[in-house]
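> Data file upload.txt (compact mmCIF, C-alpha atoms) is appended below.
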# COMPACT_ATOMS: atom_id res chain seq x y z
CA MET A 21 -14.13 -18.95 54.92
CA CYS A 22 -14.56 -17.98 51.25
CA THR A 23 -11.56 -19.85 49.85
CA LEU A 24 -11.61 -22.01 46.74
CA ILE A 25 -9.40 -25.00 46.05
CA ASN A 26 -8.01 -24.39 42.59
CA GLU A 27 -6.36 -27.09 40.55
CA LYS A 28 -3.73 -26.72 37.85
CA PRO A 29 -4.96 -25.30 34.54
CA GLN A 30 -4.61 -28.67 32.79
CA LEU A 31 -6.67 -30.47 35.44
CA GLN A 32 -10.05 -28.88 34.72
CA GLU A 33 -12.80 -31.49 35.03
CA THR A 34 -15.27 -30.53 32.32
CA LYS A 35 -14.77 -30.80 28.58
CA GLY A 36 -15.72 -27.16 28.21
CA ALA A 37 -13.04 -26.07 30.67
CA GLN A 38 -10.51 -28.36 28.98
CA GLN A 39 -11.34 -26.76 25.64
CA ILE A 40 -10.94 -23.28 27.10
CA LYS A 41 -7.50 -24.20 28.45
CA PHE A 42 -6.47 -25.82 25.19
CA ASN A 43 -7.51 -22.77 23.21
CA LEU A 44 -5.76 -20.42 25.59
CA LYS A 45 -2.52 -22.36 25.41
CA SER A 46 -2.69 -22.66 21.64
CA THR A 47 -3.33 -18.94 21.33
CA TRP A 48 -0.46 -18.21 23.69
CA LYS A 49 2.03 -20.35 21.75
CA SER A 50 1.04 -18.93 18.36
CA ALA A 51 1.43 -15.37 19.64
CA SER A 52 4.55 -15.86 21.79
CA LEU A 53 7.08 -14.79 19.14
CA LEU A 54 5.23 -11.59 18.24
CA ARG A 55 4.64 -10.85 21.91
CA GLY A 56 8.34 -11.25 22.69
CA LEU A 57 9.36 -8.94 19.85
CA TRP A 58 6.79 -6.32 20.86
CA ILE A 59 7.80 -6.38 24.53
CA SER A 60 11.49 -6.14 23.62
CA LEU A 61 10.72 -3.08 21.49
CA CYS A 62 8.73 -1.50 24.34
CA LEU A 63 11.56 -2.13 26.79
CA ILE A 64 13.97 -0.36 24.47
CA VAL A 65 11.62 2.55 23.76
CA TRP A 66 10.77 3.07 27.44
CA GLY A 67 14.35 2.73 28.55
CA CYS A 68 13.89 -0.24 30.89
CA GLY A 69 16.57 -2.23 29.07
CA HIS A 70 15.93 -5.46 31.03
CA LYS A 71 15.97 -8.95 29.56
CA GLY A 72 13.23 -11.53 29.98
CA LEU A 73 12.93 -12.87 33.52
CA ASN A 74 11.97 -16.30 34.80
CA ALA A 75 9.33 -16.92 37.45
CA GLU A 76 11.69 -16.45 40.42
CA LEU A 77 13.52 -13.44 38.90
CA LYS A 78 16.90 -15.15 38.68
CA GLY A 79 19.46 -12.63 37.50
CA TYR A 80 17.40 -9.68 38.70
CA ASP A 81 19.04 -7.96 41.66
CA TYR A 82 17.09 -6.58 44.59
CA PRO A 83 18.58 -3.55 46.38
CA TYR A 84 19.37 -5.54 49.56
CA PRO A 85 20.57 -9.11 50.22
CA VAL A 86 17.88 -11.72 49.60
CA HIS A 87 17.29 -14.68 51.90
CA GLU A 88 15.04 -17.70 51.46
CA TYR A 89 12.69 -19.38 53.89
CA GLN A 90 12.02 -23.01 52.89
CA PHE A 91 8.87 -24.70 54.16
CA GLN A 92 6.23 -27.31 53.44
CA THR A 93 2.57 -26.51 52.90
CA GLN A 94 -0.32 -28.01 50.94
CA GLY A 95 1.78 -31.08 50.17
CA GLN A 96 4.63 -29.23 48.46
CA SER A 97 7.96 -27.57 49.16
CA LEU A 98 7.94 -23.80 48.72
CA SER A 99 10.33 -20.92 49.20
CA MET A 100 9.62 -17.37 50.37
CA ALA A 101 12.18 -14.69 49.55
CA TYR A 102 12.74 -11.82 51.96
CA MET A 103 15.08 -8.93 52.71
CA ASP A 104 16.08 -8.32 56.32
CA LEU A 105 17.47 -4.86 57.03
CA PRO A 106 19.16 -4.85 60.46
CA GLY A 107 18.14 -2.33 63.08
CA ALA A 108 20.29 0.03 65.08
CA SER A 109 20.45 -2.22 68.15
CA THR A 110 23.40 -4.62 68.14
CA ASP A 111 21.82 -6.97 70.68
CA GLY A 112 18.87 -7.89 68.44
CA GLY A 113 16.47 -5.76 70.44
CA ALA A 114 15.59 -3.26 67.71
CA LYS A 115 11.93 -2.59 67.03
CA VAL A 116 10.75 -4.46 63.94
CA VAL A 117 8.65 -3.35 60.98
CA VAL A 118 7.27 -6.07 58.68
CA MET A 119 6.04 -4.96 55.24
CA PHE A 120 3.47 -6.70 53.00
CA HIS A 121 3.47 -5.60 49.33
CA GLY A 122 0.57 -5.09 46.91
CA LYS A 123 -0.60 -7.37 44.11
CA ASN A 124 1.31 -5.66 41.31
CA PHE A 125 4.50 -5.45 43.36
CA SER A 126 7.05 -7.33 45.44
CA GLY A 127 8.94 -6.50 48.61
CA GLU A 128 11.29 -4.43 46.46
CA SER A 129 8.61 -1.74 46.10
CA PHE A 130 9.24 -0.75 49.74
CA ALA A 131 13.03 -0.41 49.32
CA ASP A 132 13.26 3.37 49.76
CA PHE A 133 10.60 3.48 52.47
CA ALA A 134 12.38 0.67 54.33
CA LYS A 135 15.72 2.48 54.16
CA LYS A 136 14.18 5.50 55.87
CA LEU A 137 12.72 3.26 58.58
CA GLN A 138 16.10 1.62 59.07
CA ALA A 139 17.69 5.06 59.47
CA LYS A 140 15.30 5.61 62.40
CA GLY A 141 16.66 2.47 64.06
CA PHE A 142 14.07 -0.10 62.98
CA ARG A 143 14.82 -3.60 61.78
CA VAL A 144 12.78 -3.95 58.57
CA LEU A 145 11.57 -7.19 57.00
CA LEU A 146 10.41 -7.10 53.35
CA ILE A 147 8.65 -10.31 52.34
CA ASP A 148 7.80 -11.57 48.86
CA GLN A 149 4.54 -13.47 49.29
CA ILE A 150 4.05 -16.85 47.62
CA GLY A 151 3.26 -16.18 43.96
CA PHE A 152 5.18 -12.90 43.92
CA GLY A 153 8.68 -11.55 43.37
CA LYS A 154 11.43 -14.08 43.97
CA SER A 155 9.19 -16.49 45.91
CA SER A 156 7.78 -19.77 44.56
CA LYS A 157 5.05 -19.70 41.92
CA PRO A 158 3.04 -22.86 42.68
CA GLN A 159 0.56 -23.93 40.03
CA ALA A 160 -1.64 -26.11 42.29
CA PHE A 161 -2.18 -23.95 45.37
CA GLN A 162 -5.16 -22.76 47.38
CA PHE A 163 -4.48 -19.04 47.72
CA SER A 164 -6.11 -17.61 50.82
CA PHE A 165 -5.27 -14.72 53.08
CA GLN A 166 -5.24 -17.21 55.97
CA GLU A 167 -2.58 -19.30 54.22
CA LEU A 168 -0.40 -16.31 53.34
CA ALA A 169 -0.73 -14.91 56.86
CA ALA A 170 0.31 -18.21 58.44
CA ASP A 171 3.25 -18.62 56.05
CA SER A 172 4.43 -15.09 56.83
CA ILE A 173 4.12 -15.58 60.58
CA HIS A 174 6.14 -18.81 60.40
CA LEU A 175 8.88 -17.01 58.45
CA ILE A 176 8.89 -14.13 60.96
CA ALA A 177 9.03 -16.54 63.91
CA SER A 178 11.97 -18.40 62.32
CA LEU A 179 13.95 -15.14 62.64
CA GLY A 180 13.26 -14.91 66.36
CA ILE A 181 10.76 -12.04 65.99
CA SER A 182 7.83 -12.23 68.40
CA HIS A 183 6.08 -8.90 67.81
CA PHE A 184 6.26 -6.08 65.27
CA THR A 185 4.64 -3.15 63.52
CA LEU A 186 2.89 -4.44 60.38
CA VAL A 187 2.69 -2.33 57.21
CA GLY A 188 0.46 -3.43 54.33
CA HIS A 189 -0.12 -1.77 50.97
CA SER A 190 -3.02 -2.52 48.59
CA MET A 191 -3.51 -6.32 48.58
CA GLY A 192 -0.91 -6.38 51.35
CA GLY A 193 -3.30 -4.24 53.36
CA MET A 194 -5.96 -6.96 53.17
CA LEU A 195 -3.32 -9.52 54.17
CA ALA A 196 -2.16 -7.31 57.03
CA VAL A 197 -5.75 -7.06 58.32
CA ARG A 198 -6.16 -10.83 58.16
CA THR A 199 -2.81 -11.32 59.93
CA ALA A 200 -3.74 -8.89 62.70
CA LEU A 201 -7.07 -10.68 63.17
CA MET A 202 -5.38 -14.09 63.35
CA TYR A 203 -2.36 -13.06 65.44
CA PRO A 204 -3.34 -9.94 67.43
CA GLU A 205 -0.78 -10.65 70.13
CA LYS A 206 2.05 -10.27 67.60
CA VAL A 207 1.00 -7.03 65.90
CA ASP A 208 1.94 -3.98 67.99
CA LYS A 209 0.65 -1.54 65.39
CA LEU A 210 -1.08 -1.82 62.01
CA VAL A 211 -0.29 0.61 59.21
CA LEU A 212 -2.54 0.30 56.13
CA ILE A 213 -1.57 2.19 52.96
CA ASP A 214 -4.38 2.43 50.39
CA PRO A 215 -5.52 -1.08 51.30
CA LEU A 216 -7.78 -3.11 49.08
CA GLY A 217 -10.87 -4.54 50.71
CA LEU A 218 -12.54 -1.38 51.99
CA GLU A 219 -15.58 -2.48 49.96
CA ASP A 220 -16.95 -5.89 48.95
CA TRP A 221 -16.74 -6.05 45.15
CA LYS A 222 -18.26 -9.49 44.78
CA VAL A 223 -21.72 -8.19 45.71
CA VAL A 224 -21.75 -5.44 43.07
CA VAL A 225 -19.71 -6.65 40.07
CA PRO A 226 -20.45 -9.62 37.78
CA PRO A 227 -18.61 -12.80 38.80
CA ARG A 228 -15.57 -14.00 36.88
CA SER A 229 -14.31 -17.58 36.77
CA ILE A 230 -10.64 -18.35 37.20
CA ASP A 231 -10.50 -19.30 33.52
CA GLN A 232 -11.83 -15.87 32.61
CA LEU A 233 -9.34 -14.17 34.92
CA TYR A 234 -6.52 -16.25 33.44
CA ALA A 235 -7.57 -15.40 29.87
CA ALA A 236 -7.52 -11.71 30.77
CA GLU A 237 -4.01 -12.04 32.22
CA LEU A 238 -2.81 -13.60 28.96
CA GLN A 239 -3.93 -10.44 27.16
CA THR A 240 -1.53 -8.27 29.16
CA THR A 241 0.92 -6.22 27.10
CA ALA A 242 3.80 -3.92 27.98
CA GLU A 243 1.74 -0.97 26.79
CA LYS A 244 -1.14 -1.91 29.11
CA ILE A 245 1.20 -2.23 32.09
CA LYS A 246 2.65 1.23 31.67
CA SER A 247 -0.72 2.80 30.86
CA TYR A 248 -2.24 1.30 34.01
CA GLN A 249 0.58 2.58 36.21
CA LEU A 250 0.52 5.99 34.56
CA GLU A 251 -3.22 6.44 35.12
CA ASN A 252 -3.66 4.80 38.53
CA TYR A 253 -0.35 5.45 40.27
CA TYR A 254 1.13 8.65 38.88
CA ASP A 255 -1.77 10.87 37.74
CA GLY A 256 -0.61 10.79 34.11
CA LYS A 257 2.78 12.32 34.97
CA TRP A 258 5.59 9.84 34.29
CA GLN A 259 8.97 10.43 35.92
CA PRO A 260 12.23 8.61 35.01
CA GLU A 261 12.46 7.14 38.53
CA TYR A 262 9.27 5.15 37.87
CA ASP A 263 10.95 3.13 35.10
CA ARG A 264 12.38 0.59 37.54
CA PHE A 265 8.88 -0.53 38.53
CA LEU A 266 8.27 -1.68 34.94
CA GLN A 267 11.24 -4.02 34.86
CA ILE A 268 9.73 -6.99 36.72
CA PRO A 269 6.30 -7.16 35.00
CA MET A 270 7.78 -6.50 31.56
CA GLY A 271 10.63 -8.92 32.23
CA TRP A 272 8.09 -11.61 33.07
CA LEU A 273 6.15 -10.86 29.89
CA ALA A 274 9.31 -11.31 27.84
CA GLY A 275 10.48 -14.34 29.82
CA PRO A 276 9.82 -18.10 29.60
CA ASP A 277 7.35 -18.44 32.51
CA TYR A 278 4.63 -15.90 31.85
CA GLN A 279 1.92 -18.59 31.80
CA LYS A 280 2.88 -19.46 35.39
CA ILE A 281 2.78 -15.82 36.40
CA ALA A 282 -0.60 -15.32 34.70
CA TRP A 283 -2.11 -18.40 36.35
CA ASP A 284 -1.01 -17.39 39.85
CA SER A 285 -2.22 -13.86 39.18
CA ALA A 286 -5.67 -15.21 38.29
CA LEU A 287 -5.76 -17.26 41.51
CA VAL A 288 -4.78 -14.19 43.52
CA TYR A 289 -7.49 -12.07 41.87
CA ASP A 290 -9.98 -14.77 42.83
CA MET A 291 -8.71 -14.66 46.42
CA ILE A 292 -9.03 -10.88 46.66
CA LEU A 293 -12.51 -10.82 45.09
CA ASN A 294 -13.94 -13.62 47.20
CA GLN A 295 -12.34 -13.16 50.62
CA PRO A 296 -13.44 -9.74 51.93
CA VAL A 297 -12.12 -8.35 55.20
CA ILE A 298 -14.40 -5.31 55.47
CA TYR A 299 -16.93 -7.06 57.73
CA GLU A 300 -14.25 -7.87 60.32
CA LEU A 301 -12.67 -4.42 60.61
CA PRO A 302 -14.46 -3.78 63.96
CA LEU A 303 -12.66 -6.83 65.38
CA LEU A 304 -9.17 -5.37 64.92
CA ARG A 305 -7.32 -4.96 68.22
CA PRO A 306 -3.99 -3.26 67.39
CA PRO A 307 -3.83 0.53 67.09
CA THR A 308 -4.21 1.26 63.39
CA VAL A 309 -3.12 4.01 61.03
CA LEU A 310 -5.08 4.18 57.75
CA ILE A 311 -3.23 6.14 55.06
CA VAL A 312 -5.07 6.92 51.82
CA GLY A 313 -4.35 9.04 48.76
CA THR A 314 -7.44 11.08 47.96
CA ARG A 315 -7.02 10.50 44.20
CA ASP A 316 -7.11 6.70 44.58
CA ARG A 317 -9.99 5.06 42.69
CA THR A 318 -8.78 1.45 42.68
CA ALA A 319 -11.53 -1.18 42.49
CA LEU A 320 -11.23 -4.77 41.32
CA GLY A 321 -13.84 -5.70 38.76
CA LYS A 322 -14.66 -2.11 37.85
CA ALA A 323 -14.18 -2.91 34.16
CA TRP A 324 -16.92 -5.57 34.35
CA ALA A 325 -19.44 -3.42 36.21
CA SER A 326 -22.29 -1.38 34.76
CA ASP A 327 -21.71 2.33 34.22
CA SER A 328 -23.87 3.24 37.21
CA VAL A 329 -21.92 0.89 39.51
CA LYS A 330 -18.52 2.01 38.18
CA LYS A 331 -19.16 5.53 39.41
CA GLN A 332 -19.66 4.25 42.94
CA LEU A 333 -16.62 1.98 43.14
CA GLY A 334 -13.20 2.88 44.46
CA GLN A 335 -14.18 6.13 46.16
CA TYR A 336 -11.25 5.91 48.55
CA PRO A 337 -11.76 9.12 50.54
CA LEU A 338 -15.31 8.03 51.39
CA LEU A 339 -14.32 4.40 51.94
CA ALA A 340 -11.47 5.43 54.21
CA LYS A 341 -13.73 7.60 56.36
CA ALA A 342 -16.22 4.74 56.69
CA ALA A 343 -13.45 2.28 57.59
CA HIS A 344 -12.04 4.73 60.11
CA LYS A 345 -15.34 4.64 61.99
CA LYS A 346 -15.37 0.82 62.01
CA ILE A 347 -11.79 0.21 63.17
CA PRO A 348 -11.19 0.68 66.90
CA HIS A 349 -8.21 2.87 67.85
CA CYS A 350 -7.77 4.10 64.27
CA ARG A 351 -6.08 7.23 63.00
CA LEU A 352 -6.92 8.35 59.44
CA LEU A 353 -4.34 10.15 57.33
CA LEU A 354 -5.58 11.49 53.97
CA LEU A 355 -2.88 12.48 51.47
CA GLU A 356 -4.42 15.14 49.26
CA GLY A 357 -3.98 14.65 45.52
CA LEU A 358 -2.03 11.38 45.72
CA GLY A 359 -3.03 8.03 44.24
CA HIS A 360 -2.81 4.33 45.04
CA VAL A 361 0.95 4.17 45.65
CA PRO A 362 1.84 7.40 47.47
CA PHE A 363 5.21 6.14 48.71
CA LEU A 364 6.35 5.77 45.09
CA GLU A 365 4.50 8.70 43.56
CA ALA A 366 5.75 11.30 46.04
CA PRO A 367 8.20 9.56 48.40
CA GLU A 368 9.47 12.62 50.27
CA ARG A 369 6.00 14.05 50.83
CA PHE A 370 4.77 10.62 51.92
CA TRP A 371 7.64 10.16 54.37
CA SER A 372 7.11 13.61 55.85
CA ALA A 373 3.48 12.71 56.55
CA VAL A 374 4.00 9.19 57.95
CA SER A 375 7.35 9.49 59.70
CA PRO A 376 5.76 10.55 63.03
CA GLU A 377 3.87 7.24 63.08
CA PHE A 378 7.18 5.39 63.45
CA GLU A 379 8.72 6.54 66.71
Will you turn the file into structure tokens for me?


Amino acid sequence: MCTLINEKPQLQETKGAQQIKFNLKSTWKSASLLRGLWISLCLIVWGCGHKGLNAELKGYDYPYPVHEYQFQTQGQSLSMAYMDLPGASTDGGAKVVVMFHGKNFSGESFADFAKKLQAKGFRVLLIDQIGFGKSSKPQAFQFSFQELAADSIHLIASLGISHFTLVGHSMGGMLAVRTALMYPEKVDKLVLIDPLGLEDWKVVVPPRSIDQLYAAELQTTAEKIKSYQLENYYDGKWQPEYDRFLQIPMGWLAGPDYQKIAWDSALVYDMILNQPVIYELPLLRPPTVLIVGTRDRTALGKAWASDSVKKQLGQYPLLAKAAHKKIPHCRLLLLEGLGHVPFLEAPERFWSAVSPEFE
């Protein structure tokens, strides 16, 4: 297991680390007013019109009723938020689809996709993982895919669900793989949408400490968020319907808890970078559908890599074909010209392609 036990920012052991944290916090406080004004201006200019949001998104409405699963883990009380769309069967016997979101998203990102699944008779469960969306943002927490998988399975079991189709996007794809490896008897089918983890970045990019990852998160701006989405998700073609996916990250930037969000984000980056799943793909037992946009070039750590390595990273069409050969009982679906989030970039085209996989 490649997990790391990460303490709170203020509990670093060395003087050097303490100084780094002190400097980061001082810098954050001195810049907070200007940052707030800048983000507010960006929200107005880009038409998002949403106020600052706290860590658990209080006051921000999801499209469907939100429930909470309370539990104890790692010596603390936590809460996972989820949306539970009922299926067509009135006796509770509807087939179930569970959906795991990506790192830059929450369960809300699947709202339209989930509605289409519900229309086909499925019960659909959209989970906000710990550290994301409306779920708890613990500051002293060992993030691991094993932990998140176990937490999710306990939530699912509490709803009386014993088996399901599991959909995972991006980081959620890595989590879905880990869940299927840990609980193969529960996963009837695995659907991976542009999953992270089809290559092992830690062997080709320079290492980054959690302090470095945290410092980078503190440099996030509203402009950087939109620019990243525009380039990596939407091929440089912004549509008005994409605006809603700016509201949560920009709301957090303008809100009172961004340091919490940034710290958890750094811990999650560390988890993704240091806990690869690629070597265990041949061990997957459920039938698997691997869906990849051919324009996707996502790769964690690409910005830190040498120019020669950068060119080799994130080649999703090639990575998908290699993964397809490793995964038993796998069907590969390449979506020509689409990027990392095809179900948001071109929802109708995406649904037309994947709908037959949900019968």

> Residues proximal to (15.4, -5.5, 67.7) were defined as those with any atom within 12 Å of that point in the file's coordinates, counting all atoms listed in the file. Which are they, as JSON, numbers by chain?

{"A": [104, 105, 106, 107, 108, 109, 110, 111, 112, 113, 114, 115, 116, 117, 138, 141, 142, 143, 144, 145, 179, 180, 181, 182, 183, 184, 185]}

> With all atoms listed in the file as the counted atoms, please give the residues lying no more than 10 Å from Met100 in chain A, apart from itself and same-chain residues fewer than 4 positions off, as an mmCIF file with C-alpha atoms, in the coordinates of the input.


data_model
loop_
_atom_site.group_PDB
_atom_site.id
_atom_site.type_symbol
_atom_site.label_atom_id
_atom_site.label_comp_id
_atom_site.auth_asym_id
_atom_site.auth_seq_id
_atom_site.Cartn_x
_atom_site.Cartn_y
_atom_site.Cartn_z
ATOM 1 C CA HIS A 87 17.290 -14.680 51.900
ATOM 2 C CA GLU A 88 15.040 -17.700 51.460
ATOM 3 C CA TYR A 89 12.690 -19.380 53.890
ATOM 4 C CA GLN A 90 12.020 -23.010 52.890
ATOM 5 C CA PHE A 91 8.870 -24.700 54.160
ATOM 6 C CA ILE A 147 8.650 -10.310 52.340
ATOM 7 C CA ASP A 148 7.800 -11.570 48.860
ATOM 8 C CA GLN A 149 4.540 -13.470 49.290
ATOM 9 C CA ILE A 150 4.050 -16.850 47.620
ATOM 10 C CA GLY A 151 3.260 -16.180 43.960
ATOM 11 C CA PHE A 152 5.180 -12.900 43.920
ATOM 12 C CA GLY A 153 8.680 -11.550 43.370
ATOM 13 C CA LYS A 154 11.430 -14.080 43.970
ATOM 14 C CA SER A 155 9.190 -16.490 45.910
ATOM 15 C CA SER A 156 7.780 -19.770 44.560
ATOM 16 C CA LYS A 157 5.050 -19.700 41.920
ATOM 17 C CA ASP A 171 3.250 -18.620 56.050
ATOM 18 C CA SER A 172 4.430 -15.090 56.830
ATOM 19 C CA LEU A 175 8.880 -17.010 58.450
#

> Given only C-alpha atoms as the basis, pick out the residue of A:Tyr262, A:Phe133, A:Tyr84, A:Tyr253 nearest to Phe378 in chain A.

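Between A:Tyr262, A:Phe133, A:Tyr84, A:Tyr253, the residue approaching Phe378 in chain A most closely is A:Phe133.
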
> Using only C-alpha atoms, which residue out of A:Met291, A:Gly359, A:Asp214, A:Ala131 lies closest to Leu168 in chain A?

A:Met291

> Taking 5 positions as the minimum chain separation for residues in the same chain, which residues sit within 7 Å of Asn74 in chain A when counting all atoms listed in the file? Answer as a PyMOL selection string.

chain A and resi 272+275-277

> For His189 in chain A, which residue among A:Lys135, A:Lys246, A:His344, A:His360 is the nearest when counting only C-alpha atoms?

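Of the candidates, the smallest distance to His189 in chain A is held by A:His360.
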
> So what do you get for CA of Glu219 in chain A versus CA of Gly122 in chain A, distance-wise?

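Computing the Euclidean distance for CA of Glu219 in chain A and CA of Gly122 in chain A yields 16.6 Å.
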
> Go ahead and compute the interatomic distance for CA of Ala139 in chain A and CA of Asp81 in chain A, in Å to one decimal.

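Value for the CA of Ala139 in chain A-CA of Asp81 in chain A distance: 22.1 Å.
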
> List as a compact mmCIF listing (two decimals) with C-alpha atoms, keeping the file's coordinate frame the residues having at least one atom at most 8 Å from position (-10.9, -5.9, 43.9) as given in the file, counting all atoms listed in the file.


# COMPACT_ATOMS: atom_id res chain seq x y z
CA LEU A 216 -7.78 -3.11 49.08
CA GLY A 217 -10.87 -4.54 50.71
CA ASP A 220 -16.95 -5.89 48.95
CA TRP A 221 -16.74 -6.05 45.15
CA TYR A 289 -7.49 -12.07 41.87
CA ILE A 292 -9.03 -10.88 46.66
CA LEU A 293 -12.51 -10.82 45.09
CA THR A 318 -8.78 1.45 42.68
CA ALA A 319 -11.53 -1.18 42.49
CA LEU A 320 -11.23 -4.77 41.32
CA GLY A 321 -13.84 -5.70 38.76

> Smallest atom-to-atom distance to Val225 in chain A: which of A:Asn294, A:Val118, A:Phe125, A:Ser372, using all atoms listed in the file?

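For Val225 in chain A, the nearest of the given residues is A:Asn294.
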
> Write out as a list in words each polymer residue whose atoms come within 9 Å of Leu355 in chain A, counting all atoms listed in the file; drop sequence neighbours fewer than 4 positions from it.

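Listed by chain and then number, they are Ile311, Val312, Gly313, Thr314, Arg315, Gly359, Pro362, Phe370 and Ala373 of chain A.
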
> Just give me the gap between CA of Trp371 in chain A and CA of Gln267 in chain A in Å, one decimal is fine.

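Result for CA of Trp371 in chain A versus CA of Gln267 in chain A: 24.4 Å, one decimal.
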
> Of the candidates A:Pro215, A:Pro204, A:Gly192, A:Pro260, which shows the shortest atom-to-atom distance to Pro306 in chain A, using only C-alpha atoms?

A:Pro204

> Reconstruct range 261-280 of chain A at the level of N, CA and C atoms, and format the result as a PDB file, in the coordinates of the input.


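Below is the file that was written, rebuild_34.pdb:
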ATOM      1  N   GLU A 261      12.252   8.051  37.402  1.00  0.00           N
ATOM      2  CA  GLU A 261      12.460   7.140  38.530  1.00  0.00           C
ATOM      3  C   GLU A 261      11.402   6.044  38.616  1.00  0.00           C
ATOM      4  N   TYR A 262      10.300   6.188  37.864  1.00  0.00           N
ATOM      5  CA  TYR A 262       9.270   5.150  37.870  1.00  0.00           C
ATOM      6  C   TYR A 262       9.636   3.981  36.955  1.00  0.00           C
ATOM      7  N   ASP A 263      10.605   4.169  36.078  1.00  0.00           N
ATOM      8  CA  ASP A 263      10.950   3.130  35.100  1.00  0.00           C
ATOM      9  C   ASP A 263      11.286   1.793  35.762  1.00  0.00           C
ATOM     10  N   ARG A 264      11.930   1.844  36.919  1.00  0.00           N
ATOM     11  CA  ARG A 264      12.380   0.590  37.540  1.00  0.00           C
ATOM     12  C   ARG A 264      11.205  -0.306  37.934  1.00  0.00           C
ATOM     13  N   PHE A 265      10.022   0.276  38.132  1.00  0.00           N
ATOM     14  CA  PHE A 265       8.880  -0.530  38.530  1.00  0.00           C
ATOM     15  C   PHE A 265       8.178  -1.179  37.335  1.00  0.00           C
ATOM     16  N   LEU A 266       8.724  -0.959  36.137  1.00  0.00           N
ATOM     17  CA  LEU A 266       8.270  -1.680  34.940  1.00  0.00           C
ATOM     18  C   LEU A 266       9.107  -2.916  34.673  1.00  0.00           C
ATOM     19  N   GLN A 267      10.287  -2.984  35.250  1.00  0.00           N
ATOM     20  CA  GLN A 267      11.240  -4.020  34.860  1.00  0.00           C
ATOM     21  C   GLN A 267      10.752  -5.430  35.181  1.00  0.00           C
ATOM     22  N   ILE A 268      10.178  -5.639  36.366  1.00  0.00           N
ATOM     23  CA  ILE A 268       9.730  -6.990  36.720  1.00  0.00           C
ATOM     24  C   ILE A 268       8.538  -7.421  35.870  1.00  0.00           C
ATOM     25  N   PRO A 269       7.433  -6.663  35.808  1.00  0.00           N
ATOM     26  CA  PRO A 269       6.300  -7.160  35.000  1.00  0.00           C
ATOM     27  C   PRO A 269       6.635  -7.295  33.523  1.00  0.00           C
ATOM     28  N   MET A 270       7.427  -6.377  32.981  1.00  0.00           N
ATOM     29  CA  MET A 270       7.780  -6.500  31.560  1.00  0.00           C
ATOM     30  C   MET A 270       8.793  -7.618  31.347  1.00  0.00           C
ATOM     31  N   GLY A 271       9.681  -7.813  32.319  1.00  0.00           N
ATOM     32  CA  GLY A 271      10.630  -8.920  32.230  1.00  0.00           C
ATOM     33  C   GLY A 271       9.913 -10.258  32.248  1.00  0.00           C
ATOM     34  N   TRP A 272       8.877 -10.379  33.063  1.00  0.00           N
ATOM     35  CA  TRP A 272       8.090 -11.610  33.070  1.00  0.00           C
ATOM     36  C   TRP A 272       7.375 -11.814  31.739  1.00  0.00           C
ATOM     37  N   LEU A 273       6.824 -10.750  31.181  1.00  0.00           N
ATOM     38  CA  LEU A 273       6.150 -10.860  29.890  1.00  0.00           C
ATOM     39  C   LEU A 273       7.100 -11.376  28.810  1.00  0.00           C
ATOM     40  N   ALA A 274       8.333 -10.925  28.850  1.00  0.00           N
ATOM     41  CA  ALA A 274       9.310 -11.310  27.840  1.00  0.00           C
ATOM     42  C   ALA A 274      10.027 -12.608  28.183  1.00  0.00           C
ATOM     43  N   GLY A 275       9.775 -13.157  29.364  1.00  0.00           N
ATOM     44  CA  GLY A 275      10.480 -14.340  29.820  1.00  0.00           C
ATOM     45  C   GLY A 275       9.771 -15.645  29.494  1.00  0.00           C
ATOM     46  N   PRO A 276      10.329 -16.775  29.969  1.00  0.00           N
ATOM     47  CA  PRO A 276       9.820 -18.100  29.600  1.00  0.00           C
ATOM     48  C   PRO A 276       8.647 -18.591  30.430  1.00  0.00           C
ATOM     49  N   ASP A 277       8.308 -17.894  31.535  1.00  0.00           N
ATOM     50  CA  ASP A 277       7.350 -18.440  32.510  1.00  0.00           C
ATOM     51  C   ASP A 277       6.091 -17.604  32.652  1.00  0.00           C
ATOM     52  N   TYR A 278       5.754 -16.810  31.644  1.00  0.00           N
ATOM     53  CA  TYR A 278       4.630 -15.900  31.850  1.00  0.00           C
ATOM     54  C   TYR A 278       3.316 -16.647  32.100  1.00  0.00           C
ATOM     55  N   GLN A 279       3.142 -17.827  31.535  1.00  0.00           N
ATOM     56  CA  GLN A 279       1.920 -18.590  31.800  1.00  0.00           C
ATOM     57  C   GLN A 279       1.784 -18.899  33.297  1.00  0.00           C
ATOM     58  N   LYS A 280       2.896 -19.222  33.941  1.00  0.00           N
ATOM     59  CA  LYS A 280       2.880 -19.460  35.390  1.00  0.00           C
ATOM     60  C   LYS A 280       2.479 -18.202  36.138  1.00  0.00           C
TER      61      LYS A 280
END
